[in-house]
Amino acid sequence: MMTNDVLYRIRDLVVEYHTRAGILTAVDHVSFDIRRGEVLGLVGESGCGKSTLGKALMRMIQEPGRIASGELWFDGMNLMQLPPGEMRKLRGSRISMIFQDPMTSLNPVQRVVDHITETIRVHQPQTSEKAARARAAELVDRLGISRNRLDDYPHQLSGGMRQRVMISLALALRADLVIADEATTSLDVIVEAQFLDLLKELREEFNLTILLITHNIGIVAELADRVAVMYAGRMAELAEVHELFERPDHPYTRGLLRAVPNIRLDDAELYKMPGSPPDLVSPPPGCRFHPRCPDVMDICTRQAPTFYENKPGHFVNCWLYQEREENVSLEEASS
Amino acid sequence: MSPALRRYIIVRVLLTIPMVLILVSLVFIVLRVLPGDPAVAILREGASEEQLASFRAALGLDKPLHVQYVEFLTGVLRFDFGYSMTRKVPVTREIKTFFPATVELALASMFVTAVVGIFSGAFAAQHRKSPADYAIRILSIILYSLPIFWLGLMLQMTFGTGLGWLPVSNRLSPGMAPKEVITGLYTIDAILTGDWALFKDAASHLVLPALTLGLVLAGIFTRLTRANMLDVLEQDFITAGRARGLRERVLVYKHGLRNAFIPIVTLLGLQFALLLAGAILTETTFSWPGMGRLVVDRIYDRDFTTVQGAILFFALLVAGISLVVDILYGFLDPRIRY
């Protein structure tokens, strides 16, 4: 399933928010690839910029934020050069999004079916209302919602059903890339497990590429092929899932993995990373992780490391490995 | 109906009773302390003492105040507002004659208010912080602060006497009359009877007064709609709709507006009191033969019973409408309970 064919290439992406306190750089020179057919997990603490990154990939950053610079290449198209109208047509049809809270992400005064038919018909205006309705019925059938719930309002559905509706909206136009932004956070564990199973099935069936944004390491371990770790607006590390979990290179990733509760409870106490994420309006100089880093060196406080391929397919943003001869940056590696 | 909702409604109805009682008493007292003797005012100077005395006796004005008060109250309970002092007809019949004109004006104004207010508010919210937004916000304050009669005069000068497009007074042109009065709203009656000449005439007379009153009240609506829309437009389902490729126009006017509507509809109901107050000024400016004109004319005539009845009718109407609105709100928003 997974190939090295790149679906979405992100280069030096910078997203800024103009706040009263100053310019907040939520995404700071982020570069990575999303490969066709893969599930890429994007993890990090709250406020690390992962949701902003997800929105930026759809060019949906709203005022007072903006994409300050960078390149977005989706399936060979330069999205930064795309006129707004063309970009809008891409949203929901080729790139779609599943949101965190399915309760608030559905229009409370609109019937479930109208959400779906509206989405189909905005992209395929030639489709009749009736045909769109039939497709909506097929879709919800496939997702395990009974057809007679189509005329319900969102508040009449359970949380799990609402999330299925969100998926059906994301899949209504057979999108190539689905960005799932904390899509399971509001679900209880049973429904979450069902949701993940469904996502796995759909991934094969619809040939999906998924960007799975979450702070839940467990979900990433279960579903992702590769994992990207973000810290304070920058990429910290990116590697194949087993590689990352077994041989994490970045001190932040190590700390993050140690902070995950273990079912065997063989650690007497859960590891707690010292310090807190930096203020992104005035971040620390050099590597943004250095004030919390157990392996901090002199250079970390002065100069930011670059995100480069330390081992084949394993990218890291840390001075610990920078000295090793001729590091290949992501740009070069992918060219 | 849940017990909490039933309780809310009962409490709300009970709270209306003292309110109405206070209103009724105020109307009674104010008219009694107003300078000028109605008997003298109506019978003119030079009427003999006997004539004045018999006039007072006929209207019960010779009785002690507290007796008059009780008689007045019991009358009100039976919807008997007494007889007009100058026209010798029951006050309720007078109200019945003049009220439809006010209703027609009020409904037309409310339409103007809703359309102008809601669309300008939604537009301002959609283009937040743009020059258009600031212009709409400033304009809405100006509109709200304009004296109704001034705006009315300006419109009369511009579109009436200036351009000659629209009539500036009355409900119909001289010589026009409805064949049959069904609702008393001439435009509606014209449609019901299929009399298109009458409809055109009635509607053209309605335009300027409805614009005057509607625009002044639209100011508040613009601001309320804008504030509510800004709230709604920040909600997740708007972002989610955007992520599905929906157009901004659809997001704002279909998804946004429908959700911002609940508080707006509530305000429409609450505005009714303002609308009636505004109607008095508008009717005077445009010689519109409605309740406002009735009250003003009869104040000049010292026709206390009619004035008293008309004001009371307004007061009861406003109390009744605010009661209905509050109860509706209880149904719409489960968080509102006493």
# chains A, B, ... in the order shown; residues from 1 in each chain; ligands from 1

call {"tool": "closest_atom_pairs", "arguments": {"of": "chain A", "to": "chain B", "cutoff": "6 Å", "atoms": "only C-alpha atoms", "output": "JSON lines"}}
result
{"residue": "A:Arg88", "atom": "CA", "partner": "B:Gly245", "partner_atom": "CA", "distance": 4.9}
{"residue": "A:Lys89", "atom": "CA", "partner": "B:Gly245", "partner_atom": "CA", "distance": 5.7}
{"residue": "A:Arg91", "atom": "CA", "partner": "B:Gly245", "partner_atom": "CA", "distance": 4.6}
{"residue": "A:Gly92", "atom": "CA", "partner": "B:Arg244", "partner_atom": "CA", "distance": 3.8}
{"residue": "A:Thr104", "atom": "CA", "partner": "B:Asp236", "partner_atom": "CA", "distance": 5.5}
{"residue": "A:Ser105", "atom": "CA", "partner": "B:Phe237", "partner_atom": "CA", "distance": 3.9}
{"residue": "A:Leu106", "atom": "CA", "partner": "B:Phe237", "partner_atom": "CA", "distance": 5.0}
{"residue": "A:Asn107", "atom": "CA", "partner": "B:Phe237", "partner_atom": "CA", "distance": 5.5}

call {"tool": "write_last_selection", "arguments": {"atoms": "C-alpha atoms", "output": "short mmCIF file (atom, residue, chain, number, x, y, z; two decimals), in the first residue's frame"}}
result
data_model
loop_
_atom_site.label_atom_id
_atom_site.label_comp_id
_atom_site.auth_asym_id
_atom_site.auth_seq_id
_atom_site.Cartn_x
_atom_site.Cartn_y
_atom_site.Cartn_z
CA ARG A 88 -11.89 26.24 -2.34
CA LYS A 89 -12.76 23.60 -4.93
CA ARG A 91 -11.25 21.58 -0.06
CA GLY A 92 -13.61 18.77 0.67
CA THR A 104 -19.93 21.56 17.24
CA SER A 105 -18.61 20.73 13.79
CA LEU A 106 -22.06 20.00 12.41
CA ASN A 107 -24.56 22.78 11.84
#

call {"tool": "residues_around", "arguments": {"residues": "stretch 77-83 of chain B", "least_positions_apart": "3", "cutoff": "8 Å", "atoms": "only C-alpha atoms", "output": "PDB file with C-alpha atoms, in the first residue's frame"}}
result
ATOM      1  CA  PHE B  72     -62.463  52.311  35.751  1.00  0.00           C
ATOM      2  CA  LEU B  73     -60.725  49.117  36.892  1.00  0.00           C
ATOM      3  CA  THR B  74     -63.846  46.968  36.717  1.00  0.00           C
ATOM      4  CA  LYS B  88     -70.222  59.610  21.900  1.00  0.00           C
ATOM      5  CA  VAL B  89     -69.109  56.153  20.783  1.00  0.00           C
ATOM      6  CA  PRO B  90     -67.491  53.402  22.836  1.00  0.00           C
ATOM      7  CA  VAL B  91     -63.727  53.878  23.041  1.00  0.00           C
ATOM      8  CA  THR B  92     -63.259  50.271  21.974  1.00  0.00           C
ATOM      9  CA  THR B 305     -61.746  58.573  28.107  1.00  0.00           C
ATOM     10  CA  THR B 306     -60.469  57.942  24.599  1.00  0.00           C
ATOM     11  CA  GLN B 308     -57.088  56.757  28.592  1.00  0.00           C
ATOM     12  CA  GLY B 309     -58.499  53.824  26.631  1.00  0.00           C
TER      13      GLY B 309
END

call {"tool": "select_by_dssp", "arguments": {"residues": "stretch 108-300 of chain B", "states": "alpha helix (DSSP H)", "output": "JSON, numbers by chain"}}
result
{"B": [108, 109, 110, 111, 112, 113, 114, 115, 116, 117, 118, 119, 120, 121, 122, 123, 124, 125, 126, 131, 132, 133, 134, 135, 136, 137, 138, 139, 140, 141, 142, 143, 144, 145, 148, 149, 150, 151, 152, 153, 154, 155, 186, 187, 188, 189, 190, 191, 192, 193, 196, 197, 198, 199, 200, 201, 202, 203, 204, 205, 206, 207, 208, 209, 210, 211, 212, 213, 214, 215, 216, 217, 218, 219, 220, 221, 222, 223, 224, 225, 226, 227, 228, 229, 230, 231, 232, 233, 236, 237, 238, 239, 240, 241, 242, 243, 248, 249, 250, 257, 258, 259, 260, 261, 262, 263, 264, 265, 266, 267, 268, 269, 270, 271, 272, 273, 274, 275, 276, 277, 278, 279, 280, 281, 282, 283, 284, 285, 291, 292, 293, 294, 295, 296, 297, 298, 299, 300]}

call {"tool": "write_last_selection", "arguments": {"atoms": "C-alpha atoms", "output": "short mmCIF file (atom, residue, chain, number, x, y, z; two decimals), in the first residue's frame"}}
result
data_model
loop_
_atom_site.label_atom_id
_atom_site.label_comp_id
_atom_site.auth_asym_id
_atom_site.auth_seq_id
_atom_site.Cartn_x
_atom_site.Cartn_y
_atom_site.Cartn_z
CA ALA B 108 -44.41 47.09 7.19
CA SER B 109 -41.86 48.86 9.39
CA MET B 110 -40.89 45.63 11.04
CA PHE B 111 -40.29 44.16 7.61
CA VAL B 112 -38.02 47.07 6.70
CA THR B 113 -36.25 46.76 10.04
CA ALA B 114 -35.70 43.05 9.68
CA VAL B 115 -34.50 43.13 6.09
CA VAL B 116 -32.23 46.15 6.45
CA GLY B 117 -31.00 45.25 9.93
CA ILE B 118 -30.34 41.59 9.34
CA PHE B 119 -28.64 41.94 5.98
CA SER B 120 -26.49 44.91 6.88
CA GLY B 121 -25.53 43.20 10.14
CA ALA B 122 -24.64 39.94 8.42
CA PHE B 123 -22.67 41.80 5.77
CA ALA B 124 -20.77 43.77 8.42
CA ALA B 125 -19.96 40.55 10.28
CA GLN B 126 -18.78 38.85 7.12
CA PRO B 131 -14.35 49.96 5.75
CA ALA B 132 -17.85 48.63 4.96
CA ASP B 133 -18.12 47.22 8.47
CA TYR B 134 -17.16 50.54 10.07
CA ALA B 135 -19.49 52.44 7.76
CA ILE B 136 -22.41 50.15 8.62
CA ARG B 137 -21.69 50.39 12.33
CA ILE B 138 -21.51 54.19 12.31
CA LEU B 139 -24.58 54.45 10.11
CA SER B 140 -26.54 52.17 12.43
CA ILE B 141 -25.80 54.43 15.41
CA ILE B 142 -26.75 57.50 13.42
CA LEU B 143 -30.01 55.90 12.28
CA TYR B 144 -30.86 54.88 15.80
CA SER B 145 -30.24 58.39 17.12
CA ILE B 148 -38.25 59.91 13.69
CA PHE B 149 -40.06 63.07 12.65
CA TRP B 150 -36.84 64.55 11.24
CA LEU B 151 -36.11 61.49 9.11
CA GLY B 152 -39.78 61.47 8.10
CA LEU B 153 -39.63 65.12 7.02
CA MET B 154 -36.44 64.52 5.06
CA LEU B 155 -37.95 61.57 3.22
CA TYR B 186 -55.66 48.14 3.17
CA THR B 187 -52.82 46.41 1.35
CA ILE B 188 -53.96 43.01 2.62
CA ASP B 189 -57.61 43.78 1.92
CA ALA B 190 -56.69 44.85 -1.60
CA ILE B 191 -54.93 41.53 -2.19
CA LEU B 192 -57.82 39.58 -0.70
CA THR B 193 -60.35 41.34 -2.92
CA TRP B 196 -54.83 45.97 -7.67
CA ALA B 197 -55.41 49.69 -8.12
CA LEU B 198 -56.19 49.94 -4.45
CA PHE B 199 -53.15 47.84 -3.58
CA LYS B 200 -50.86 50.08 -5.57
CA ASP B 201 -52.30 53.18 -3.97
CA ALA B 202 -52.21 51.78 -0.43
CA ALA B 203 -48.69 50.41 -0.85
CA SER B 204 -47.32 53.67 -2.24
CA HIS B 205 -48.75 55.51 0.76
CA LEU B 206 -47.17 52.97 3.06
CA VAL B 207 -43.61 53.21 1.70
CA LEU B 208 -42.36 56.42 3.29
CA PRO B 209 -43.81 56.00 6.79
CA ALA B 210 -42.67 52.38 6.88
CA LEU B 211 -39.17 53.37 5.74
CA THR B 212 -39.01 56.12 8.33
CA LEU B 213 -39.97 53.96 11.26
CA GLY B 214 -38.24 50.84 9.94
CA LEU B 215 -34.89 52.50 9.30
CA VAL B 216 -34.72 54.12 12.72
CA LEU B 217 -35.34 50.78 14.40
CA ALA B 218 -33.02 48.92 12.00
CA GLY B 219 -30.00 50.44 13.74
CA ILE B 220 -30.33 48.17 16.79
CA PHE B 221 -30.97 45.20 14.57
CA THR B 222 -27.85 45.75 12.55
CA ARG B 223 -25.77 45.80 15.68
CA LEU B 224 -27.44 42.77 17.22
CA THR B 225 -27.20 40.74 14.03
CA ARG B 226 -23.57 41.67 13.59
CA ALA B 227 -22.68 40.66 17.15
CA ASN B 228 -24.55 37.36 16.90
CA MET B 229 -23.13 36.57 13.50
CA LEU B 230 -19.59 37.17 14.72
CA ASP B 231 -20.25 34.63 17.46
CA VAL B 232 -21.69 32.10 15.07
CA LEU B 233 -19.05 32.58 12.39
CA ASP B 236 -16.57 25.00 14.51
CA PHE B 237 -19.27 24.12 12.02
CA ILE B 238 -18.41 27.20 9.96
CA THR B 239 -14.76 26.12 9.84
CA ALA B 240 -15.90 22.59 9.05
CA GLY B 241 -18.10 23.91 6.24
CA ARG B 242 -15.18 25.89 4.88
CA ALA B 243 -13.09 22.72 4.97
CA GLU B 248 -18.13 32.06 2.11
CA ARG B 249 -21.45 33.48 0.97
CA VAL B 250 -23.19 30.19 1.76
CA LEU B 257 -27.66 33.49 9.60
CA ARG B 258 -29.89 30.54 10.40
CA ASN B 259 -28.07 30.03 13.66
CA ALA B 260 -27.88 33.69 14.57
CA PHE B 261 -31.63 33.94 14.04
CA ILE B 262 -32.93 32.77 17.41
CA PRO B 263 -31.91 35.84 19.44
CA ILE B 264 -32.80 38.07 16.51
CA VAL B 265 -36.36 36.78 16.37
CA THR B 266 -36.64 37.39 20.08
CA LEU B 267 -35.61 40.97 19.63
CA LEU B 268 -38.16 41.38 16.86
CA GLY B 269 -40.84 40.57 19.43
CA LEU B 270 -39.39 42.81 22.08
CA GLN B 271 -39.12 45.64 19.58
CA PHE B 272 -42.85 45.79 19.35
CA ALA B 273 -43.08 48.26 22.21
CA LEU B 274 -40.57 50.56 20.54
CA LEU B 275 -42.41 50.10 17.30
CA LEU B 276 -45.70 51.29 18.79
CA ALA B 277 -44.04 54.27 20.43
CA GLY B 278 -42.33 55.10 17.16
CA ALA B 279 -45.59 54.63 15.32
CA ILE B 280 -47.15 57.56 17.19
CA LEU B 281 -44.44 59.94 15.98
CA THR B 282 -44.48 58.49 12.47
CA GLU B 283 -48.24 58.69 12.20
CA THR B 284 -48.22 62.31 13.28
CA THR B 285 -45.55 63.14 10.72
CA MET B 291 -53.63 54.92 17.03
CA GLY B 292 -50.92 57.55 17.31
CA ARG B 293 -53.02 60.08 15.47
CA LEU B 294 -56.04 59.12 17.56
CA VAL B 295 -54.20 59.73 20.82
CA VAL B 296 -52.64 63.01 19.75
CA ASP B 297 -55.90 64.40 18.33
CA ARG B 298 -57.90 63.45 21.39
CA ILE B 299 -55.35 64.95 23.73
CA TYR B 300 -56.03 68.29 22.03
#

call {"tool": "residues_around", "arguments": {"residues": "B:Arg56", "least_positions_apart": "3", "cutoff": "12 Å", "atoms": "only C-alpha atoms", "output": "VMD selection string"}}
result
chain B and resid 37 to 43 49 to 53 59 to 64 68 85

call {"tool": "residues_around", "arguments": {"residues": "A:Phe289", "least_positions_apart": "2", "cutoff": "8 Å", "atoms": "only C-alpha atoms", "output": "ChimeraX atom specification"}}
result
/A:231-232,252,287,291-293

call {"tool": "closest_residue", "arguments": {"among": "A:Val122, A:Ala183, A:Leu139, A:Val109", "to": "A:Asp152", "atoms": "only C-alpha atoms"}}
result
A:Val109

call {"tool": "residues_around", "arguments": {"residues": "A:Gly70", "least_positions_apart": "5", "cutoff": "12 Å", "atoms": "only C-alpha atoms", "output": "ChimeraX atom specification"}}
result
/A:9-16,27-32,53,56-57,59,78-81

call {"tool": "residues_around", "arguments": {"residues": "A:Leu238", "least_positions_apart": "3", "cutoff": "10 Å", "atoms": "only C-alpha atoms", "output": "PyMOL selection string"}}
result
chain A and resi 32+40-42+226-230+235+241+243-244+248-250+253+307-309+313-317

call {"tool": "write_last_selection", "arguments": {"atoms": "C-alpha atoms", "output": "short mmCIF file (atom, residue, chain, number, x, y, z; two decimals), in the first residue's frame"}}
result
data_model
loop_
_atom_site.label_atom_id
_atom_site.label_comp_id
_atom_site.auth_asym_id
_atom_site.auth_seq_id
_atom_site.Cartn_x
_atom_site.Cartn_y
_atom_site.Cartn_z
CA PHE A 32 8.08 17.26 5.36
CA LEU A 40 1.30 9.99 8.92
CA GLY A 41 0.89 10.69 12.61
CA LEU A 42 1.55 14.24 13.76
CA ARG A 226 5.30 7.19 10.05
CA VAL A 227 5.29 9.71 12.86
CA ALA A 228 6.21 13.38 12.93
CA VAL A 229 6.84 15.04 16.28
CA MET A 230 6.33 18.78 16.59
CA MET A 235 9.48 19.65 13.49
CA VAL A 241 6.69 4.39 13.50
CA GLU A 243 11.95 3.27 14.39
CA LEU A 244 10.66 6.29 16.25
CA PRO A 248 13.94 8.02 19.33
CA ASP A 249 16.76 10.44 18.66
CA HIS A 250 15.39 13.77 19.76
CA THR A 253 10.65 12.59 21.64
CA PHE A 307 15.89 19.33 10.34
CA TYR A 308 17.88 16.75 8.46
CA GLU A 309 18.00 13.07 7.66
CA GLY A 313 14.11 7.91 6.56
CA HIS A 314 14.77 9.26 10.04
CA PHE A 315 14.80 13.02 10.33
CA VAL A 316 15.76 14.89 13.45
CA ASN A 317 16.16 18.50 14.46
#

call {"tool": "atom_distance", "arguments": {"atom1": "atom CA of B:Asp303", "atom2": "atom CA of B:Val24"}}
result
17.3 Å

call {"tool": "atom_distance", "arguments": {"atom1": "atom CA of B:Ser25", "atom2": "atom CA of B:Leu312"}}
result
9.6 Å

call {"tool": "select_by_dssp", "arguments": {"residues": "stretch 62-270 of chain A", "states": "strand (DSSP E or B)", "output": "MDAnalysis selection string"}}
result
chainID A and resid 65:74 77:78 91 95:98 177:181 209:214 226:231 234:240
